[in-house]
Each structure stands twice: as structure tokens, then as C-alpha cells.
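Enquirer: Structure: data-v1.tsv, TSV, C-alpha atoms.
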```tsv
chain	number	residue	atom	x	y	z
L	1	MET	CA	4.29	15.45	72.41
L	2	THR	CA	1.78	16.59	75.02
L	3	ALA	CA	-1.82	15.49	74.83
L	4	THR	CA	-4.71	17.72	75.84
L	5	LEU	CA	-7.88	16.31	77.32
L	6	TYR	CA	-11.08	18.36	77.31
L	7	ALA	CA	-13.37	16.84	79.90
L	8	LEU	CA	-16.44	17.35	82.09
L	9	THR	CA	-16.29	16.48	85.79
L	10	THR	CA	-19.79	14.98	85.46
L	11	CYS	CA	-18.96	12.63	82.60
L	12	PRO	CA	-18.21	8.94	83.35
L	13	TYR	CA	-16.26	8.47	80.09
L	14	CYS	CA	-14.08	11.46	80.93
L	15	ARG	CA	-13.24	9.84	84.26
L	16	MET	CA	-12.54	6.52	82.52
L	17	THR	CA	-10.26	8.28	80.02
L	18	LYS	CA	-8.32	10.08	82.76
L	19	LYS	CA	-7.91	6.81	84.64
L	20	TYR	CA	-6.69	5.04	81.51
L	21	LEU	CA	-4.15	7.79	80.70
L	22	ASP	CA	-2.94	7.90	84.32
L	23	GLU	CA	-2.53	4.14	84.49
L	24	ASN	CA	-0.41	4.26	81.34
L	25	ASP	CA	1.74	7.19	82.56
L	26	VAL	CA	0.66	9.41	79.70
L	27	GLU	CA	1.39	13.09	80.25
L	28	TYR	CA	-1.53	15.30	79.38
L	29	ASP	CA	-3.12	18.64	80.18
L	30	ALA	CA	-6.65	18.21	81.48
L	31	ILE	CA	-9.21	20.97	81.07
L	32	ASP	CA	-12.44	20.46	82.99
L	33	VAL	CA	-14.72	22.57	80.82
L	34	ASP	CA	-17.68	22.61	83.23
L	35	LEU	CA	-15.50	24.20	85.92
L	36	LEU	CA	-14.61	27.14	83.68
L	37	GLU	CA	-16.70	30.27	83.93
L	38	GLY	CA	-18.06	32.99	81.68
L	39	ASP	CA	-15.98	34.05	78.68
L	40	GLU	CA	-13.25	31.51	79.32
L	41	ARG	CA	-15.78	28.70	79.08
L	42	ALA	CA	-17.34	30.13	75.92
L	43	VAL	CA	-13.91	30.27	74.28
L	44	VAL	CA	-13.03	26.69	75.25
L	45	VAL	CA	-16.47	25.35	74.19
L	46	ALA	CA	-15.92	27.03	70.80
L	47	ASP	CA	-12.46	25.40	70.59
L	48	VAL	CA	-13.94	21.99	71.35
L	49	LYS	CA	-16.61	22.51	68.67
L	50	ASN	CA	-13.93	23.37	66.13
L	51	LEU	CA	-11.81	20.38	67.09
L	52	SER	CA	-14.50	17.73	67.33
L	53	GLY	CA	-17.48	19.09	65.43
L	54	GLY	CA	-19.67	18.96	68.55
L	55	THR	CA	-19.82	19.45	72.30
L	56	SER	CA	-19.52	15.83	73.36
L	57	PHE	CA	-16.84	14.78	75.79
L	58	PRO	CA	-14.16	13.62	76.36
L	59	VAL	CA	-12.15	15.15	73.53
L	60	LEU	CA	-8.52	14.04	73.51
L	61	VAL	CA	-6.15	15.95	71.25
L	62	ILE	CA	-2.82	14.32	70.40
L	63	GLY	CA	-0.95	16.46	67.88
L	64	GLU	CA	-3.25	16.65	64.87
L	65	GLU	CA	-5.37	13.72	66.02
L	66	VAL	CA	-8.70	14.19	67.81
L	67	ILE	CA	-10.37	11.32	69.64
L	68	VAL	CA	-13.96	11.84	70.82
L	69	GLY	CA	-15.28	9.50	73.51
L	70	PHE	CA	-13.60	6.82	75.59
L	71	ASN	CA	-11.95	4.87	72.78
L	72	LYS	CA	-9.26	2.57	74.15
L	73	ALA	CA	-8.25	1.19	70.75
L	74	ALA	CA	-7.74	4.65	69.25
L	75	MET	CA	-5.79	5.87	72.30
L	76	LYS	CA	-3.57	2.78	72.20
L	77	GLU	CA	-2.75	3.37	68.57
L	78	ARG	CA	-2.17	7.12	68.76
L	79	LEU	CA	-0.14	6.98	71.95
L	80	GLY	CA	1.83	3.86	70.98
L	81	LEU	CA	0.80	2.01	74.14
Y	1	MET	CA	-22.84	27.79	87.25
Y	2	SER	CA	-21.89	31.20	86.01
Y	3	GLU	CA	-24.72	31.67	83.53
Y	4	GLN	CA	-27.18	31.28	86.40
Y	5	ALA	CA	-25.41	33.56	88.83
Y	6	ASP	CA	-27.58	36.65	88.45
Y	7	ARG	CA	-30.98	34.96	88.50
Y	8	PRO	CA	-32.63	32.21	90.54
Y	9	VAL	CA	-32.31	28.69	89.16
Y	10	ARG	CA	-35.58	27.51	87.64
Y	11	ARG	CA	-36.12	23.82	88.29
Y	12	ARG	CA	-38.08	21.31	86.27
Y	13	PHE	CA	-37.86	18.74	89.07
Y	14	ALA	CA	-38.62	19.21	92.78
Y	15	SER	CA	-35.80	20.02	95.18
Y	16	GLY	CA	-34.35	16.87	96.68
Y	17	THR	CA	-34.98	14.75	93.56
Y	18	THR	CA	-33.02	11.49	93.91
Y	19	VAL	CA	-31.49	8.91	91.57
Y	20	ASP	CA	-34.46	6.63	92.30
Y	21	ASP	CA	-36.90	9.43	91.42
Y	22	LEU	CA	-35.16	9.86	88.06
Y	23	LYS	CA	-35.28	6.10	87.45
Y	24	ALA	CA	-39.01	6.00	88.15
Y	25	TYR	CA	-39.63	8.95	85.81
Y	26	MET	CA	-37.34	7.84	82.98
Y	27	LYS	CA	-38.07	4.12	82.83
Y	28	PRO	CA	-41.57	4.34	81.25
Y	29	PHE	CA	-40.47	7.31	79.11
Y	30	ALA	CA	-37.60	5.29	77.64
Y	31	ALA	CA	-39.79	2.17	77.28
Y	32	SER	CA	-42.26	4.07	75.11
Y	33	LEU	CA	-39.32	4.97	72.84
Y	34	GLY	CA	-38.04	1.36	72.63
Y	35	TYR	CA	-35.23	1.72	75.19
Y	36	LYS	CA	-34.39	0.48	78.68
Y	37	PHE	CA	-31.73	1.33	81.26
Y	38	ASN	CA	-28.29	-0.17	80.61
Y	39	THR	CA	-27.88	-3.61	82.15
Y	40	GLU	CA	-24.68	-2.33	83.85
Y	41	GLU	CA	-26.32	-1.00	87.02
Y	42	TRP	CA	-23.17	0.66	88.39
Y	43	PHE	CA	-22.97	2.72	85.23
Y	44	VAL	CA	-26.62	3.77	85.41
Y	45	ASP	CA	-26.16	4.85	89.02
Y	46	GLU	CA	-23.00	6.80	88.16
Y	47	VAL	CA	-24.62	8.66	85.26
Y	48	LEU	CA	-27.78	9.46	87.21
Y	49	ALA	CA	-25.75	10.68	90.22
Y	50	SER	CA	-23.98	13.06	87.82
Y	51	GLU	CA	-27.34	14.18	86.45
Y	52	ILE	CA	-28.54	15.01	89.97
Y	53	GLU	CA	-25.44	17.22	90.41
Y	54	ILE	CA	-26.23	18.95	87.12
Y	55	LEU	CA	-29.91	19.26	88.06
Y	56	ASP	CA	-29.02	20.98	91.33
Y	57	ALA	CA	-26.64	23.37	89.56
Y	58	THR	CA	-28.71	24.19	86.49
Y	59	GLY	CA	-32.34	23.18	87.14
Y	60	ASP	CA	-32.60	20.36	84.61
Y	61	VAL	CA	-31.12	16.92	83.90
Y	62	TYR	CA	-28.71	17.66	81.08
Y	63	CYS	CA	-26.56	14.87	79.62
Y	64	PRO	CA	-23.41	14.58	81.76
Y	65	CYS	CA	-21.27	13.85	78.68
Y	66	ARG	CA	-22.14	16.97	76.72
Y	67	MET	CA	-21.86	20.67	77.42
Y	68	ARG	CA	-24.60	23.26	77.42
Y	69	THR	CA	-23.88	25.96	74.85
Y	70	GLY	CA	-26.40	28.68	75.77
Y	71	ASP	CA	-28.29	28.11	72.51
Y	72	PRO	CA	-31.80	27.07	73.71
Y	73	LYS	CA	-32.43	24.72	70.80
Y	74	GLU	CA	-29.09	22.97	71.16
Y	75	ASP	CA	-29.39	22.76	74.93
Y	76	ALA	CA	-32.93	21.31	74.77
Y	77	SER	CA	-31.51	18.49	72.65
Y	78	ILE	CA	-29.30	17.26	75.50
Y	79	VAL	CA	-31.95	17.04	78.24
Y	80	CYS	CA	-32.04	13.42	79.41
Y	81	PRO	CA	-33.56	11.23	78.00
Y	82	CYS	CA	-32.55	12.94	74.75
Y	83	ILE	CA	-33.58	9.96	72.57
Y	84	PRO	CA	-36.32	11.78	70.57
Y	85	PHE	CA	-33.80	14.35	69.31
Y	86	HIS	CA	-31.30	11.78	68.07
Y	87	ASN	CA	-33.51	8.79	67.35
Y	88	VAL	CA	-32.00	7.74	64.01
Y	89	GLN	CA	-28.43	7.89	65.27
Y	90	PHE	CA	-29.25	6.17	68.57
Y	91	ALA	CA	-31.30	3.46	66.84
Y	92	ALA	CA	-28.24	2.68	64.71
Y	93	MET	CA	-25.88	2.73	67.72
Y	94	ARG	CA	-28.43	0.68	69.74
Y	95	LYS	CA	-27.89	3.03	72.69
Y	96	CYS	CA	-28.16	6.66	73.66
Y	97	TRP	CA	-25.10	8.87	73.51
Y	98	CYS	CA	-23.63	7.96	76.89
Y	99	GLY	CA	-25.10	4.44	77.07
Y	100	LEU	CA	-27.44	5.17	79.97
Y	101	PHE	CA	-30.17	3.73	77.75
Y	102	ILE	CA	-29.89	0.76	75.39
Y	103	ARG	CA	-32.40	-0.68	72.91
Y	104	THR	CA	-34.81	-3.09	74.59
Y	105	ASP	CA	-33.51	-6.00	72.50
Y	106	VAL	CA	-29.87	-5.57	73.65
Y	107	GLU	CA	-29.03	-8.23	76.24
Y	108	ASP	CA	-25.59	-7.11	77.39
Y	109	GLY	CA	-25.19	-3.35	77.77
Y	110	ALA	CA	-21.53	-3.67	78.80
Y	111	GLU	CA	-20.52	-4.14	75.17
Y	112	LEU	CA	-21.99	-0.78	74.25
Y	113	LEU	CA	-20.13	1.28	76.84
Y	114	GLY	CA	-17.41	3.55	75.55
Y	115	VAL	CA	-16.85	3.92	71.84
Y	116	ILE	CA	-19.29	6.13	70.01
Y	117	GLU	CA	-19.78	5.10	66.43
Y	118	GLU	CA	-21.81	7.27	64.14
Y	119	PRO	CA	-23.99	5.40	61.64
Y	120	GLU	CA	-22.86	5.51	58.03
Y	121	ARG	CA	-24.93	7.83	55.88
Y	122	GLY	CA	-27.52	6.08	53.77
Y	123	VAL	CA	-27.81	3.03	56.03
Y	124	GLU	CA	-31.38	1.86	56.70
Y	125	VAL	CA	-32.32	2.11	60.36
Y	126	GLU	CA	-35.40	0.86	62.22
Y	127	VAL	CA	-36.30	3.79	64.45
Y	128	PRO	CA	-38.66	3.07	67.38
Y	129	VAL	CA	-41.35	5.74	67.68
Y	130	CYS	CA	-43.93	4.35	70.12
Y	131	ARG	CA	-45.47	1.23	71.64
Y	132	VAL	CA	-48.30	-0.61	69.87
Y	133	SER	CA	-50.39	0.02	72.99
Y	134	ASP	CA	-49.91	3.79	72.64
Y	135	MET	CA	-52.29	3.93	69.64
Y	136	ALA	CA	-55.91	2.89	69.09
Y	137	PRO	CA	-57.01	1.66	65.64
Y	138	GLY	CA	-58.39	4.58	63.65
Y	139	SER	CA	-55.95	7.10	65.12
Y	140	VAL	CA	-53.05	9.11	63.69
Y	141	ARG	CA	-50.10	10.61	65.55
Y	142	HIS	CA	-47.02	12.63	64.81
Y	143	ALA	CA	-43.60	10.99	64.75
Y	144	LYS	CA	-40.31	12.84	64.43
Y	145	VAL	CA	-37.63	10.67	62.81
Y	146	GLY	CA	-34.40	12.62	62.50
Y	147	LYS	CA	-35.56	15.82	60.84
Y	148	ARG	CA	-38.57	14.18	59.14
Y	149	ASP	CA	-42.13	14.96	60.24
Y	150	ILE	CA	-44.11	11.78	59.80
Y	151	ALA	CA	-47.79	10.89	60.27
Y	152	LEU	CA	-48.14	7.42	61.81
Y	153	ALA	CA	-51.55	5.87	61.16
Y	154	CYS	CA	-52.92	2.93	63.12
Y	155	THR	CA	-55.50	1.19	60.89
Y	156	GLU	CA	-57.53	-1.98	61.36
Y	157	ASP	CA	-54.87	-3.90	59.42
Y	158	GLY	CA	-51.74	-2.36	60.85
Y	159	PHE	CA	-49.48	0.68	60.99
Y	160	TYR	CA	-48.58	2.95	58.08
Y	161	ALA	CA	-46.22	5.92	57.95
Y	162	LEU	CA	-46.18	8.79	55.50
Y	163	SER	CA	-44.79	12.30	55.35
Y	164	SER	CA	-46.92	14.48	57.59
Y	165	VAL	CA	-46.68	17.51	55.34
Y	166	CYS	CA	-49.70	17.90	53.05
Y	167	LEU	CA	-48.55	19.13	49.65
Y	168	HIS	CA	-51.51	21.48	49.28
Y	169	ALA	CA	-50.70	24.11	51.90
Y	170	PHE	CA	-48.29	22.17	54.15
Y	171	GLY	CA	-50.99	21.28	56.71
Y	172	PRO	CA	-50.13	18.63	59.34
Y	173	LEU	CA	-51.55	15.25	58.26
Y	174	SER	CA	-50.69	13.86	61.70
Y	175	GLY	CA	-53.41	16.15	63.10
Y	176	GLY	CA	-55.99	14.83	60.64
Y	177	VAL	CA	-58.79	12.29	60.90
Y	178	LEU	CA	-58.32	8.72	59.69
Y	179	GLU	CA	-61.18	7.26	57.64
Y	180	GLY	CA	-60.38	3.66	56.76
Y	181	HIS	CA	-57.06	3.94	54.96
Y	182	GLU	CA	-57.42	7.64	54.19
Y	183	VAL	CA	-56.10	10.44	56.33
Y	184	VAL	CA	-57.90	13.75	55.86
Y	185	CYS	CA	-55.80	16.89	56.18
Y	186	PRO	CA	-57.25	19.07	58.97
Y	187	TRP	CA	-56.69	22.29	57.02
Y	188	HIS	CA	-58.50	21.89	53.70
Y	189	GLY	CA	-59.58	18.30	53.53
Y	190	TRP	CA	-57.06	16.81	51.08
Y	191	ARG	CA	-57.18	13.03	51.44
Y	192	TYR	CA	-54.16	10.71	51.30
Y	193	ASP	CA	-54.07	6.92	51.22
Y	194	VAL	CA	-51.77	6.06	54.14
Y	195	ARG	CA	-50.62	2.85	52.41
Y	196	THR	CA	-49.32	4.56	49.27
Y	197	GLY	CA	-49.11	8.30	50.03
Y	198	THR	CA	-51.31	8.94	47.01
Y	199	THR	CA	-54.00	11.60	46.82
Y	200	ASP	CA	-56.65	12.21	44.16
Y	201	HIS	CA	-54.96	15.47	43.24
Y	202	PRO	CA	-52.60	14.89	40.31
Y	203	ASN	CA	-48.90	14.76	41.04
Y	204	ALA	CA	-49.12	15.58	44.76
Y	205	ASP	CA	-48.23	12.27	46.41
Y	206	VAL	CA	-46.23	12.19	49.64
Y	207	LYS	CA	-43.43	9.83	50.65
Y	208	THR	CA	-44.26	6.69	52.61
Y	209	TYR	CA	-42.01	4.79	55.02
Y	210	PRO	CA	-41.98	1.07	55.86
Y	211	VAL	CA	-43.15	0.26	59.39
Y	212	VAL	CA	-41.90	-2.71	61.41
Y	213	VAL	CA	-43.61	-3.95	64.58
Y	214	ARG	CA	-41.54	-6.10	66.93
Y	215	ASP	CA	-41.91	-6.92	70.63
Y	216	GLY	CA	-44.73	-4.42	70.98
Y	217	CYS	CA	-42.60	-1.64	69.53
Y	218	VAL	CA	-43.55	0.36	66.41
Y	219	MET	CA	-40.51	1.26	64.28
Y	220	ILE	CA	-40.30	3.43	61.19
Y	221	VAL	CA	-37.60	2.47	58.68
Y	222	ALA	CA	-35.59	5.52	57.58
Y	223	THR	CA	-32.15	6.16	56.14
Y	224	ALA	CA	-29.46	7.66	58.39
```
Please re-express this file's structure in C-alpha cells.

Expert:
Amino acid sequence: MTATLYALTTCPYCRMTKKYLDENDVEYDAIDVDLLEGDERAVVVADVKNLSGGTSFPVLVIGEEVIVGFNKAAMKERLGL
Amino acid sequence: MSEQADRPVRRRFASGTTVDDLKAYMKPFAASLGYKFNTEEWFVDEVLASEIEILDATGDVYCPCRMRTGDPKEDASIVCPCIPFHNVQFAAMRKCWCGLFIRTDVEDGAELLGVIEEPERGVEVEVPVCRVSDMAPGSVRHAKVGKRDIALACTEDGFYALSSVCLHAFGPLSGGVLEGHEVVCPWHGWRYDVRTGTTDHPNADVKTYPVVVRDGCVMIVATA
């Protein structure tokens, strides 16, 4: 199961989440939302709102599960680390 | 940034604004709201460096952990320090969204980095609104607590908080004159006792809120 990480390049927790996933050899698709432009960004921001109920980052999607923020305990549990 | 491409970037801060400039500007602002910079200095520097990047790209210091949506009202609510917009939630979390700021009574900010926990609905929260030194006895000011508009009165015997909306014609009590324990609505002169929210008009009392003063900070108790 592939995880998807919605992130901002400016956000310290997004960087911490990426580092944590990398260190644990978790495969994931990373989307840096602030690097997207125009319509593409609007679409992705709308997706993030639907998934998480807001526009706060990081948003990590694992199957049906959505984790908002750098939450080690939740990632551990959902990813079976 | 794409949304800025066809017009010049308007800036709220001078070109060349540095992390230290932001610190100098934000420190007293946060203090008046009952917050201080996180005790983890590396984290503060990292967040503020990100904010400088965002400032140079967009013209203002938006929260680095949240995305601008293009909706002016939503975007205004993520300009750092965004504490006034989210003061009930942050008071419960004891920090701002990203943890750049923590409540003044928190000793170790490291514990508050990371997980974002929303307060349970209905929980009572002490929400800082100003410093004691911000108000002179005999004065009234406006306080926004979550979505509530509150009139905060500083009387000779302490602080009192009541709904700012006069039930006569919805005039702003926070813009009224305080006479002893009575605030006089600036629109048509209805008078409310700030201790009880009562007025001499029948059945037109307004809600009052408990006020707590600690460490020079005035806090209004409200439910999340």
C-alpha cells in the first residue's frame, strides 16, 4: 500500500515527517503543494481540504487513514513500524 | 508564486526584513496575548526562516504549516502571529498551530512540538486577551474569544467580561463608557451592570464570562 504525503516546503513538520518516513524506508509519494501552480494547486488544495477538513500540513494518507501533523505514534501504528 | 505573477507583490514588511526583525516585532505582540517564543530556539529560527521565504514570495508572513487558499478571510487568519484568530483552540493546546509560540507559563516547549490536538468541545478554557497593564481602571475594550464579541471592563475592583452586543439595537458595548460598574451603550444609552450582565430593561440581560488574572495576564473563561 502506497502512502501519499501532502506537504509544504516551508513547513518544519513536513520536513520532520519526510525524514521519519525516509529513515524507516517507507515508500510514499510526496506532493509539495506550495510548488504547484495555478489550477493544479487549486485542485490539490481542494483535495487536501476534503481529506483533512483544513489546509494544515503535513497530511499523510495511508489507505483510508488520514494523519494531520507530525504524529509519530499515529504513523507507527498505521505503518506497522 | 503564481497568483502574484501578473501584479507586483505588495509587502507589509520592508525589503530585507530578517529573522531578528521578525523576532523584535512579534515578541511584544505575542506577550500581550499571553504567549512567548518556543523555548526550542532552533525551531523558532527554522520557522522564522521559512516565514522570511514566504514573505519574500508573497508579501506577508503567512504560517509556514498552512496553505493560502485565495479566500481573503481565510488567508488573513494564517498571518503570523495568528493567535487572535484561534485563541480558544491555542489556549487549550497551550501553543500556536506550529508551536512557534507557547503559553507564557509553559516551561519546556519541546514537549509541545509535533502532535496537534484539538480541544474537546465543551471544555472550559482560559483564553488570554490582554495584559493587566494594557487597561486603565474605568476603561472598556473589545475582546474576540473564538467567535464571541466580548466587552472587557476594567473597574476599580477588577476585570469583568460580558457579551459586547447590546440587546436593544446590537450596539457595541465595548465602545461604551464605563461609569462605576455600569457600561453605557454608545448608541442609545442602555446601561448594563458589567458584573451581572443585567440592565434595567426587562428580560434583556447579556451573558457574562468569568475572568481570571494570573501573572499579569487577563484571561476570559470560555467553552471550546

Enquirer: Which of these residues is nearest to chain Y, using all atoms listed in the file: L:Asn24, L:Thr17, L:Asn50, L:Thr4?

Expert: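 Smallest separation from chain Y among the options: L:Thr17.
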
Enquirer: Which residues, written as a VMD selection string, have at least one atom at most 9 Å from Pro210 in chain Y, with only C-alpha atoms counted and residues fewer than 3 positions away on the same chain left out?

Expert: chain Y and resid 160 to 162 219 to 222

Enquirer: Quick one: everything within 8 Å of Cys11 in chain L, counting all atoms listed in the file, minus sequence neighbours fewer than 6 positions away in the same chain. Send it as a list in words.

Expert: Phe57 and Pro58 of chain L; Val47, Ser50, Pro64, Cys65 and Arg66 of chain Y

Enquirer: One number please: CA of Ala30 in chain L to CA of Ala46 in chain L, in Å, one decimal.

Expert: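 Those two atoms sit 16.7 Å apart.
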
Enquirer: Using only C-alpha atoms, determine which residues lie at most 9 Å from Asp108 in chain Y, disregarding the query and same-chain residues fewer than 3 positions distant; provide the list as a short mmCIF file (atom, residue, chain, number, x, y, z; two decimals) with C-alpha atoms, in the frame of the given file.

Expert:
```
data_model
loop_
_atom_site.label_atom_id
_atom_site.label_comp_id
_atom_site.auth_asym_id
_atom_site.auth_seq_id
_atom_site.Cartn_x
_atom_site.Cartn_y
_atom_site.Cartn_z
CA ASN Y 38 -28.29 -0.17 80.61
CA THR Y 39 -27.88 -3.61 82.15
CA GLU Y 40 -24.68 -2.33 83.85
CA GLU Y 111 -20.52 -4.14 75.17
CA LEU Y 112 -21.99 -0.78 74.25
#
```

Enquirer: Could you work out which residues of chain Y fall inside 12 Å of chain L? Count all atoms listed in the file, and format the result as number ranges by chain.

Expert: Y: 1-5, 42-55, 57-58, 61-71, 74-75, 77-78, 97-100, 112-118

Enquirer: Would you mind telling me which residue in L:Ser52, L:Leu5, L:Arg15, L:Glu77 lies nearest to Asp29 in chain L when using only C-alpha atoms?

Expert: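 Of L:Ser52, L:Leu5, L:Arg15, L:Glu77, the one nearest Asp29 in chain L, counting only C-alpha atoms, is L:Leu5.
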
Enquirer: Can you work out which one of Y:Arg103, Y:Arg94, Y:Lys73, Y:His201 has the shortest atom-to-atom distance to Ser32 in chain Y, counting all atoms listed in the file?

Expert: Y:Arg103

Enquirer: If I take CA of Ser174 in chain Y and CA of Gly146 in chain Y, how far is one from the other in Å, to one decimal?

Expert: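 So the two atoms, CA of Ser174 in chain Y and CA of Gly146 in chain Y, lie 16.4 Å apart.
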
Enquirer: Which centre and edge lengths in Å to one decimal define the box along x, y and z that fits every listed atom of range 45-53 of chain L plus 4 Å per side, as JSON?

Expert:
```
{"center_x": -14.6, "center_y": 22.4, "center_z": 69.8, "size_x": 13.7, "size_y": 17.3, "size_z": 16.8}
```

Enquirer: Report, in Å to a single decimal, how far apart CA of Pro119 in chain Y and CA of Arg78 in chain L are.

Expert: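 So the two atoms, CA of Arg78 in chain L and CA of Pro119 in chain Y, lie 23.0 Å apart.
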